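upload37.cif follows (mmCIF, C-alpha atoms):
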data_run
#
loop_
_atom_site.group_PDB
_atom_site.id
_atom_site.type_symbol
_atom_site.label_atom_id
_atom_site.label_comp_id
_atom_site.auth_asym_id
_atom_site.auth_seq_id
_atom_site.Cartn_x
_atom_site.Cartn_y
_atom_site.Cartn_z
ATOM 1 C CA MET Y 119 82.708 46.302 211.406
ATOM 2 C CA ARG Y 120 79.722 43.969 211.149
ATOM 3 C CA PHE Y 121 77.602 46.792 209.828
ATOM 4 C CA LEU Y 122 80.268 47.660 207.239
ATOM 5 C CA ALA Y 123 80.345 44.055 206.058
ATOM 6 C CA THR Y 124 76.564 43.957 205.843
ATOM 7 C CA PHE Y 125 76.512 47.198 203.947
ATOM 8 C CA THR Y 126 79.136 45.988 201.481
ATOM 9 C CA ILE Y 127 77.178 42.806 200.831
ATOM 10 C CA SER Y 128 74.011 44.828 200.413
ATOM 11 C CA VAL Y 129 75.646 47.158 197.878
ATOM 12 C CA ALA Y 130 76.921 44.155 195.969
ATOM 13 C CA ALA Y 131 73.435 42.678 196.001
ATOM 14 C CA ALA Y 132 72.014 45.966 194.812
ATOM 15 C CA MET Y 133 74.488 46.129 191.969
ATOM 16 C CA LEU Y 134 73.622 42.575 191.073
ATOM 17 C CA ILE Y 135 69.947 43.418 191.047
ATOM 18 C CA GLY Y 136 70.815 46.436 188.950
ATOM 19 C CA ASN Y 137 72.697 44.315 186.479
ATOM 20 C CA VAL Y 138 69.875 41.836 186.253
ATOM 21 C CA SER Y 139 67.486 44.629 185.438
ATOM 22 C CA LEU Y 140 69.793 46.222 182.903
ATOM 23 C CA ALA Y 141 70.281 42.859 181.191
ATOM 24 C CA ALA Y 142 66.846 43.201 179.596
ATOM 25 C CA ASN Y 143 67.459 45.586 176.754
ATOM 26 C CA VAL Y 144 66.281 46.353 173.272
ATOM 27 C CA SER Y 145 67.845 48.358 170.477
ATOM 28 C CA ILE Y 146 67.046 49.240 166.883
ATOM 29 C CA LEU Y 147 69.581 48.577 164.164
ATOM 30 C CA ASN Y 148 69.926 50.356 160.819
ATOM 31 C CA GLY Y 149 68.268 53.595 161.758
ATOM 32 C CA ASN Y 150 65.252 55.339 160.342
ATOM 33 C CA VAL Y 151 62.754 54.105 157.790
ATOM 34 C CA ASP Y 152 61.127 55.923 154.875
ATOM 35 C CA LEU Y 153 58.022 54.514 153.244
ATOM 36 C CA VAL Y 154 56.586 56.031 150.066
ATOM 37 C CA VAL Y 155 53.198 55.205 148.575
ATOM 38 C CA SER Y 156 53.200 56.412 144.991
ATOM 39 C CA THR Y 157 51.587 53.836 142.735
ATOM 40 C CA ALA Y 158 48.219 52.253 142.135
ATOM 41 C CA SER Y 159 46.437 50.174 139.570
ATOM 42 C CA ALA Y 160 43.592 52.133 138.070
ATOM 43 C CA GLY Y 161 40.410 51.331 139.935
ATOM 44 C CA SER Y 162 42.222 49.966 142.966
ATOM 45 C CA GLU Y 163 43.505 51.511 146.153
ATOM 46 C CA PRO Y 164 47.145 52.642 146.170
ATOM 47 C CA ASP Y 165 49.772 49.953 146.494
ATOM 48 C CA PRO Y 166 51.179 49.605 150.032
ATOM 49 C CA ASP Y 167 54.873 50.255 150.519
ATOM 50 C CA ILE Y 168 56.920 47.794 152.530
ATOM 51 C CA ASP Y 169 60.304 48.297 154.157
ATOM 52 C CA GLN Y 170 62.387 45.633 155.810
ATOM 53 C CA THR Y 171 65.708 47.358 156.314
ATOM 54 C CA ALA Y 172 65.674 47.824 160.086
ATOM 55 C CA GLN Y 173 66.199 45.187 162.738
ATOM 56 C CA LEU Y 174 65.507 44.858 166.414
ATOM 57 C CA GLN Y 175 67.976 43.368 168.859
ATOM 58 C CA TRP Y 176 67.265 42.384 172.442
ATOM 59 C CA ASP Y 177 68.566 40.432 175.397
ATOM 60 C CA ASN Y 178 66.961 38.922 178.463
ATOM 61 C CA TRP Y 179 69.363 37.365 180.946
ATOM 62 C CA PRO Y 180 70.327 35.708 183.256
ATOM 63 C CA ASN Y 181 68.015 32.757 183.227
ATOM 64 C CA SER Y 182 66.509 33.756 186.562
ATOM 65 C CA ALA Y 183 65.006 36.845 184.928
ATOM 66 C CA PRO Y 184 61.275 36.970 184.189
ATOM 67 C CA THR Y 185 59.945 36.159 180.751
ATOM 68 C CA LYS Y 186 59.718 39.383 178.763
ATOM 69 C CA LYS Y 187 57.798 40.867 175.882
ATOM 70 C CA ILE Y 188 58.467 43.776 173.546
ATOM 71 C CA THR Y 189 55.814 46.363 172.862
ATOM 72 C CA VAL Y 190 55.617 48.924 170.078
ATOM 73 C CA GLN Y 191 53.980 52.322 169.970
ATOM 74 C CA THR Y 192 54.116 55.615 168.117
ATOM 75 C CA ASN Y 193 54.047 59.185 169.319
ATOM 76 C CA LEU Y 194 51.782 60.230 166.432
ATOM 77 C CA ALA Y 195 48.275 60.531 167.790
ATOM 78 C CA SER Y 196 46.278 60.878 164.575
ATOM 79 C CA PRO Y 197 48.166 59.532 161.596
ATOM 80 C CA GLN Y 198 46.725 60.140 158.163
ATOM 81 C CA PHE Y 199 47.802 56.737 156.893
ATOM 82 C CA ALA Y 200 47.908 53.234 158.349
ATOM 83 C CA LEU Y 201 51.267 51.915 159.489
ATOM 84 C CA GLY Y 202 51.782 48.299 160.409
ATOM 85 C CA VAL Y 203 54.863 46.516 161.625
ATOM 86 C CA GLN Y 204 55.674 42.858 162.045
ATOM 87 C CA ALA Y 205 58.583 41.017 163.612
ATOM 88 C CA ILE Y 206 59.846 38.452 161.159
ATOM 89 C CA ASN Y 207 62.834 36.151 161.092
ATOM 90 C CA ILE Y 208 63.114 36.051 164.879
ATOM 91 C CA THR Y 209 66.212 34.172 165.896
ATOM 92 C CA PRO Y 210 65.263 30.700 167.145
ATOM 93 C CA SER Y 211 63.897 30.388 170.683
ATOM 94 C CA ASP Y 212 64.040 34.115 171.302
ATOM 95 C CA GLY Y 213 60.344 34.968 171.348
ATOM 96 C CA THR Y 214 57.134 34.802 169.377
ATOM 97 C CA SER Y 215 55.934 37.392 166.901
ATOM 98 C CA ALA Y 216 52.528 38.888 167.601
ATOM 99 C CA GLY Y 217 52.033 39.198 163.855
ATOM 100 C CA GLU Y 218 51.460 42.464 162.067
ATOM 101 C CA VAL Y 219 50.273 45.152 164.434
ATOM 102 C CA GLN Y 220 48.937 48.578 163.573
ATOM 103 C CA VAL Y 221 50.975 51.107 165.474
ATOM 104 C CA SER Y 222 49.122 53.482 167.744
ATOM 105 C CA THR Y 223 49.894 55.602 170.742
ATOM 106 C CA SER Y 224 49.021 52.645 172.951
ATOM 107 C CA ALA Y 225 51.774 50.135 173.596
ATOM 108 C CA THR Y 226 50.896 47.002 171.668
ATOM 109 C CA ASP Y 227 52.445 43.582 172.116
ATOM 110 C CA PHE Y 228 54.981 42.993 169.363
ATOM 111 C CA ILE Y 229 57.120 40.042 170.477
ATOM 112 C CA ASN Y 230 55.916 37.788 173.255
ATOM 113 C CA SER Y 231 57.349 35.004 175.384
ATOM 114 C CA ILE Y 232 60.952 36.146 175.371
ATOM 115 C CA PRO Y 233 62.718 33.597 177.543
ATOM 116 C CA ALA Y 234 65.560 34.407 179.887
ATOM 117 C CA LYS Y 235 68.938 33.141 178.780
ATOM 118 C CA ASP Y 236 72.126 32.254 180.631
ATOM 119 C CA SER Y 237 73.956 35.085 178.941
ATOM 120 C CA PRO Y 238 73.308 37.763 176.321
ATOM 121 C CA ASP Y 239 72.616 36.153 172.951
ATOM 122 C CA ASN Y 240 71.739 39.220 170.876
ATOM 123 C CA ALA Y 241 68.361 38.003 169.745
ATOM 124 C CA THR Y 242 67.242 39.756 166.579
ATOM 125 C CA CYS Y 243 64.397 40.065 164.130
ATOM 126 C CA ASP Y 244 63.679 42.038 160.985
ATOM 127 C CA LEU Y 245 61.206 44.884 161.239
ATOM 128 C CA ARG Y 246 58.736 44.681 158.369
ATOM 129 C CA TYR Y 247 56.977 48.010 158.094
ATOM 130 C CA LYS Y 248 53.948 48.352 155.824
ATOM 131 C CA ALA Y 249 52.376 51.697 154.956
ATOM 132 C CA THR Y 250 48.866 51.589 153.564
ATOM 133 C CA ALA Y 251 46.941 54.505 152.140
ATOM 134 C CA LEU Y 252 43.477 54.686 150.673
ATOM 135 C CA ALA Y 253 42.638 57.028 147.837
ATOM 136 C CA ALA Y 254 40.294 58.733 150.283
ATOM 137 C CA ASP Y 255 43.246 59.433 152.592
ATOM 138 C CA GLY Y 256 44.690 61.883 150.095
ATOM 139 C CA THR Y 257 48.350 62.830 150.048
ATOM 140 C CA GLY Y 258 50.678 63.873 152.829
ATOM 141 C CA ILE Y 259 53.402 62.859 155.243
ATOM 142 C CA ASP Y 260 53.208 61.089 158.608
ATOM 143 C CA THR Y 261 56.319 61.211 160.768
ATOM 144 C CA HIS Y 262 56.272 58.624 163.535
ATOM 145 C CA THR Y 263 58.673 58.152 166.383
ATOM 146 C CA ILE Y 264 58.334 54.423 166.929
ATOM 147 C CA THR Y 265 59.335 53.120 170.334
ATOM 148 C CA TYR Y 266 60.060 49.514 171.237
ATOM 149 C CA THR Y 267 60.095 48.624 174.916
ATOM 150 C CA ILE Y 268 61.031 45.384 176.615
ATOM 151 C CA VAL Y 269 58.986 44.712 179.729
ATOM 152 C CA ASP Y 270 58.023 41.845 181.977
ATOM 153 C CA GLN Y 271 55.325 39.715 180.419
ATOM 154 C CA MET C 129 75.772 55.438 214.317
ATOM 155 C CA ASN C 130 72.086 54.691 213.895
ATOM 156 C CA ILE C 131 71.632 57.857 211.841
ATOM 157 C CA LEU C 132 74.556 56.881 209.616
ATOM 158 C CA LYS C 133 73.067 53.418 209.231
ATOM 159 C CA PHE C 134 69.721 54.893 208.237
ATOM 160 C CA VAL C 135 71.315 57.224 205.699
ATOM 161 C CA LEU C 136 73.327 54.427 204.145
ATOM 162 C CA ILE C 137 70.299 52.134 203.922
ATOM 163 C CA ALA C 138 68.282 54.939 202.360
ATOM 164 C CA LEU C 139 71.096 55.488 199.873
ATOM 165 C CA LEU C 140 71.173 51.783 199.149
ATOM 166 C CA TRP C 141 67.406 51.725 198.619
ATOM 167 C CA THR C 142 67.633 54.659 196.237
ATOM 168 C CA LEU C 143 70.405 52.905 194.356
ATOM 169 C CA VAL C 144 68.363 49.755 193.990
ATOM 170 C CA GLY C 145 65.340 51.760 192.949
ATOM 171 C CA SER C 146 67.243 53.685 190.336
ATOM 172 C CA TYR C 147 68.571 50.496 188.804
ATOM 173 C CA ALA C 148 65.189 48.875 188.967
ATOM 174 C CA SER C 149 63.746 51.745 186.963
ATOM 175 C CA PHE C 150 65.736 50.509 183.987
ATOM 176 C CA ALA C 151 63.918 47.161 184.048
ATOM 177 C CA GLY C 152 61.986 47.945 180.843
ATOM 178 C CA THR C 153 64.471 49.474 178.468
ATOM 179 C CA SER C 154 63.434 50.959 175.140
ATOM 180 C CA ASP C 155 64.722 52.386 171.902
ATOM 181 C CA ASN C 156 63.093 54.409 169.151
ATOM 182 C CA HIS C 157 63.542 55.523 165.578
ATOM 183 C CA THR C 158 61.737 57.638 163.027
ATOM 184 C CA VAL C 159 59.435 56.085 160.454
ATOM 185 C CA THR C 160 58.207 58.456 157.775
ATOM 186 C CA VAL C 161 55.239 57.619 155.575
ATOM 187 C CA THR C 162 54.906 59.757 152.464
ATOM 188 C CA VAL C 163 51.967 59.430 150.116
ATOM 189 C CA ASN C 164 52.479 61.115 146.770
ATOM 190 C CA ALA C 165 49.866 62.197 144.264
ATOM 191 C CA ILE C 166 48.391 59.225 142.424
ATOM 192 C CA ASN C 167 46.176 59.598 139.359
ATOM 193 C CA GLU C 168 45.687 56.461 137.338
ATOM 194 C CA ILE C 169 43.102 55.683 134.687
ATOM 195 C CA ALA C 170 42.749 52.672 132.436
ATOM 196 C CA ILE C 171 40.439 51.489 129.691
ATOM 197 C CA THR C 172 39.424 47.868 129.942
ATOM 198 C CA GLY C 173 38.005 45.561 127.312
ATOM 199 C CA GLY C 174 40.290 46.390 124.420
ATOM 200 C CA SER C 175 39.422 47.847 121.055
ATOM 201 C CA VAL C 176 35.950 48.577 119.783
ATOM 202 C CA THR C 177 34.477 48.068 116.337
ATOM 203 C CA LEU C 178 31.277 49.797 115.344
ATOM 204 C CA THR C 179 29.582 48.744 112.132
ATOM 205 C CA ILE C 180 26.721 50.576 110.496
ATOM 206 C CA ASN C 181 25.055 48.344 107.979
ATOM 207 C CA SER C 182 21.312 48.666 108.263
ATOM 208 C CA ALA C 183 18.616 51.211 107.840
ATOM 209 C CA THR C 184 14.908 51.557 107.630
ATOM 210 C CA ALA C 185 13.867 52.599 104.184
ATOM 211 C CA GLY C 186 13.353 56.316 104.028
ATOM 212 C CA VAL C 187 15.542 57.249 107.029
ATOM 213 C CA ASP C 188 19.259 57.489 107.737
ATOM 214 C CA PRO C 189 21.192 54.345 108.666
ATOM 215 C CA ASN C 190 20.745 52.887 112.105
ATOM 216 C CA ASN C 191 23.302 53.811 114.740
ATOM 217 C CA ASP C 192 25.595 51.166 116.126
ATOM 218 C CA VAL C 193 26.142 51.111 119.869
ATOM 219 C CA ASP C 194 28.910 49.382 121.811
ATOM 220 C CA ALA C 195 29.240 49.143 125.574
ATOM 221 C CA THR C 196 31.865 46.457 125.899
ATOM 222 C CA THR C 197 34.641 48.619 127.280
ATOM 223 C CA GLY C 198 35.036 50.042 130.717
ATOM 224 C CA LEU C 199 36.981 52.652 132.562
ATOM 225 C CA LEU C 200 38.809 52.365 135.886
ATOM 226 C CA TRP C 201 40.455 55.162 137.819
ATOM 227 C CA THR C 202 42.183 55.963 141.060
ATOM 228 C CA SER C 203 42.931 59.422 142.374
ATOM 229 C CA ASN C 204 44.071 60.464 145.816
ATOM 230 C CA GLN C 205 43.713 64.112 144.940
ATOM 231 C CA THR C 206 40.734 66.429 144.791
ATOM 232 C CA GLY C 207 39.504 68.569 141.896
ATOM 233 C CA LYS C 208 39.988 66.074 139.113
ATOM 234 C CA LYS C 209 38.038 65.040 136.021
ATOM 235 C CA ALA C 210 38.514 62.729 133.052
ATOM 236 C CA THR C 211 38.430 64.024 129.511
ATOM 237 C CA ILE C 212 38.047 62.159 126.234
ATOM 238 C CA GLN C 213 39.432 62.943 122.794
ATOM 239 C CA SER C 214 40.360 61.366 119.479
ATOM 240 C CA ASP C 215 43.441 61.662 117.325
ATOM 241 C CA LEU C 216 41.362 61.631 114.123
ATOM 242 C CA ALA C 217 41.091 65.149 112.827
ATOM 243 C CA GLY C 218 38.500 64.813 110.062
ATOM 244 C CA PRO C 219 36.336 61.746 110.580
ATOM 245 C CA ASN C 220 33.802 60.780 107.965
ATOM 246 C CA PHE C 221 31.263 59.727 110.543
ATOM 247 C CA THR C 222 30.109 60.838 113.965
ATOM 248 C CA LEU C 223 31.371 59.020 117.018
ATOM 249 C CA LYS C 224 29.725 59.749 120.351
ATOM 250 C CA ALA C 225 30.585 58.543 123.829
ATOM 251 C CA VAL C 226 29.044 58.647 127.273
ATOM 252 C CA ALA C 227 29.970 56.984 130.534
ATOM 253 C CA THR C 228 27.327 54.864 132.219
ATOM 254 C CA GLY C 229 27.123 53.148 135.585
ATOM 255 C CA VAL C 230 29.692 55.479 137.044
ATOM 256 C CA THR C 231 30.957 55.192 140.602
ATOM 257 C CA GLY C 232 33.545 57.538 142.063
ATOM 258 C CA GLY C 233 32.552 60.493 139.929
ATOM 259 C CA SER C 234 29.785 61.817 137.717
ATOM 260 C CA ALA C 235 29.174 61.084 134.071
ATOM 261 C CA ALA C 236 29.186 64.093 131.785
ATOM 262 C CA SER C 237 26.597 64.369 129.058
ATOM 263 C CA GLU C 238 27.186 62.411 125.876
ATOM 264 C CA VAL C 239 29.838 64.050 123.754
ATOM 265 C CA THR C 240 30.667 63.935 120.070
ATOM 266 C CA ILE C 241 34.290 62.954 120.106
ATOM 267 C CA SER C 242 36.786 65.304 118.495
ATOM 268 C CA THR C 243 40.439 66.166 118.745
ATOM 269 C CA THR C 244 39.556 68.581 121.513
ATOM 270 C CA ALA C 245 39.472 67.122 125.027
ATOM 271 C CA GLN C 246 35.956 67.139 126.418
ATOM 272 C CA ASP C 247 34.656 66.341 129.864
ATOM 273 C CA PHE C 248 33.771 62.676 130.232
ATOM 274 C CA ILE C 249 33.790 62.054 134.007
ATOM 275 C CA THR C 250 33.609 64.945 136.459
ATOM 276 C CA GLY C 251 33.835 65.215 140.221
ATOM 277 C CA ILE C 252 36.732 62.841 140.732
ATOM 278 C CA ALA C 253 38.126 63.391 144.228
ATOM 279 C CA THR C 254 40.179 61.038 146.441
ATOM 280 C CA THR C 255 38.455 57.949 145.172
ATOM 281 C CA THR C 256 38.579 54.833 143.132
ATOM 282 C CA GLY C 257 35.982 54.602 140.403
ATOM 283 C CA ASN C 258 34.695 52.791 137.401
ATOM 284 C CA GLY C 259 32.147 52.994 134.644
ATOM 285 C CA THR C 260 31.186 51.686 131.247
ATOM 286 C CA ILE C 261 32.068 53.497 128.050
ATOM 287 C CA GLN C 262 29.189 53.549 125.645
ATOM 288 C CA TYR C 263 30.167 54.437 122.070
ATOM 289 C CA THR C 264 27.647 55.266 119.382
ATOM 290 C CA GLY C 265 28.552 55.384 115.718
ATOM 291 C CA VAL C 266 26.319 57.650 113.646
ATOM 292 C CA ALA C 267 26.291 57.954 109.876
ATOM 293 C CA THR C 268 23.953 59.754 107.522
ATOM 294 C CA SER C 269 23.205 58.524 104.033
ATOM 295 C CA ALA C 270 25.028 61.558 102.690
ATOM 296 C CA GLU C 271 28.271 60.473 104.349
ATOM 297 C CA GLY C 272 28.568 57.404 102.174
ATOM 298 C CA THR C 273 30.705 54.423 103.148
ATOM 299 C CA GLY C 274 34.148 54.037 104.657
ATOM 300 C CA SER C 275 36.023 53.498 107.897
ATOM 301 C CA ASP C 276 37.178 55.869 110.596
ATOM 302 C CA ILE C 277 39.897 54.659 112.904
ATOM 303 C CA HIS C 278 40.150 56.606 116.136
ATOM 304 C CA THR C 279 42.669 56.363 118.873
ATOM 305 C CA ILE C 280 40.651 57.424 121.878
ATOM 306 C CA THR C 281 42.460 58.932 124.830
ATOM 307 C CA ILE C 282 40.917 59.427 128.239
ATOM 308 C CA THR C 283 42.936 61.496 130.682
ATOM 309 C CA ILE C 284 42.659 62.555 134.319
ATOM 310 C CA VAL C 285 43.261 66.289 134.574
ATOM 311 C CA ASP C 286 42.591 69.134 136.960
ATOM 312 C CA ASN C 287 39.119 70.630 136.869
#
Here is a file; write its structure as structure tokens.
Amino acid sequence: MRFLATFTISVAAAMLIGNVSLAANVSILNGNVDLVVSTASAGSEPDPDIDQTAQLQWDNWPNSAPTKKITVQTNLASPQFALGVQAINITPSDGTSAGEVQVSTSATDFINSIPAKDSPDNATCDLRYKATALAADGTGIDTHTITYTIVDQ
Amino acid sequence: MNILKFVLIALLWTLVGSYASFAGTSDNHTVTVTVNAINEIAITGGSVTLTINSATAGVDPNNDVDATTGLLWTSNQTGKKATIQSDLAGPNFTLKAVATGVTGGSAASEVTISTTAQDFITGIATTTGNGTIQYTGVATSAEGTGSDIHTITITIVDN
């Protein structure tokens, strides 16, 4: 009987630990993004294209959880064109933008210092993507799968 | 009983471990970057006036030369060139042009401008570029006096 009680408490503790871990989550809102570079002023490099239609949402709770950060990376090893992304309009007290980062296949810090909260607060930011192409880059299409991951900082 | 205890603890450990593996959750989406063909060219410096009004006695009038206008271009494609032409079908006087100080391409030889497109800049390929347009007005004594008004068009085309 004592063992059964211990086991039950242990399972409950495990589930609690599980819930704590699952409470750090990140999700992308508004789906995929298309950027098109198609204009230039004569004598200058092509105009970058900027898209700000997607958002990121995350949670980090309860308040005993570690401070988190969100990283960004692409699966495209050798893109033809430069792609940057920046977290803007972060909801107050939900983290600090790392500024515009160039996506690569290495996970790069995107939002830092995400504090733990008492309960889920659906922190959000806008994703500002910027595609830049040089005349020397030619024409073509890069298809990235961009992954955001929330991890312990 | 000890075996059962061990199995249950192992199960518990696995359960904790499997939950813990979700500690860094992630999400992804597709971002597509498309770069279309871009070929832009522009003349800078506005209109040009050439005036022939002097000569050395015994020879044809002196040419007038203007190099106040420039050319800018951007192309993210290969195999391009810029041509030059006029809309004036039967000019009284000769108008020549050549590009100087060219970057992002190669200047063609000086051309006598006509209504037929002629090579002006060659070797334009995935580059930005610029140069100066040098116009030369030429008149012989036999051509008399008058004014020619050209609309000059410079175009990026395939080689």
The PyMOL selection byres ((chain Y) within 7 of (chain C)) resolved against shown file, as a PyMOL selection string: chain Y and resi 129+132+136+139-140+142-146+149-163+249+253-269
Report as a PDB file with C-alpha atoms, in the coordinates of the input the full result of the PyMOL selection byres ((chain Y and resi 204) around 6) when it is applied to this structure.
ATOM      1  CA  VAL Y 203      54.863  46.516 161.625  1.00  0.00           C
ATOM      2  CA  ALA Y 205      58.583  41.017 163.612  1.00  0.00           C
ATOM      3  CA  GLY Y 217      52.033  39.198 163.855  1.00  0.00           C
ATOM      4  CA  GLU Y 218      51.460  42.464 162.067  1.00  0.00           C
ATOM      5  CA  LEU Y 245      61.206  44.884 161.239  1.00  0.00           C
ATOM      6  CA  ARG Y 246      58.736  44.681 158.369  1.00  0.00           C
TER       7      ARG Y 246
END
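Among the candidates Y:Gln271, Y:Asn178, Y:Thr226, Y:Gln173, the one nearest to Thr242 (chain Y) when counting all atoms listed in the file is Y:Gln173.
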Interatomic distance (Å, one decimal) between CA of Ile241 (chain C) and CA of Ile180 (chain C): 17.4 Å
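Here the PyMOL selection byres ((chain Y and resi 234) around 7) captures the residues Asn178, Trp179, Pro180, Asn181, Ser182, Ala183, Pro184, Thr185, Ile232, Pro233, Lys235 and Asp236 of chain Y.
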Generate the output file for the selected residues, C-alpha atoms, as a short mmCIF file (atom, residue, chain, number, x, y, z; two decimals), in the frame of the given file.
data_model
loop_
_atom_site.label_atom_id
_atom_site.label_comp_id
_atom_site.auth_asym_id
_atom_site.auth_seq_id
_atom_site.Cartn_x
_atom_site.Cartn_y
_atom_site.Cartn_z
CA ASN Y 178 66.96 38.92 178.46
CA TRP Y 179 69.36 37.36 180.95
CA PRO Y 180 70.33 35.71 183.26
CA ASN Y 181 68.02 32.76 183.23
CA SER Y 182 66.51 33.76 186.56
CA ALA Y 183 65.01 36.84 184.93
CA PRO Y 184 61.28 36.97 184.19
CA THR Y 185 59.94 36.16 180.75
CA ILE Y 232 60.95 36.15 175.37
CA PRO Y 233 62.72 33.60 177.54
CA LYS Y 235 68.94 33.14 178.78
CA ASP Y 236 72.13 32.25 180.63
#
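In this comparison, which uses all atoms listed in the file, the residue of C:Glu271, C:Ser242, C:Val285, C:Val230 approaching Gly218 (chain C) most closely is C:Ser242.
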Counting all atoms listed in the file, which residue out of C:Thr273, C:Thr264, C:Thr179, C:Thr283 sits closest to Glu238 (chain C)? C:Thr264
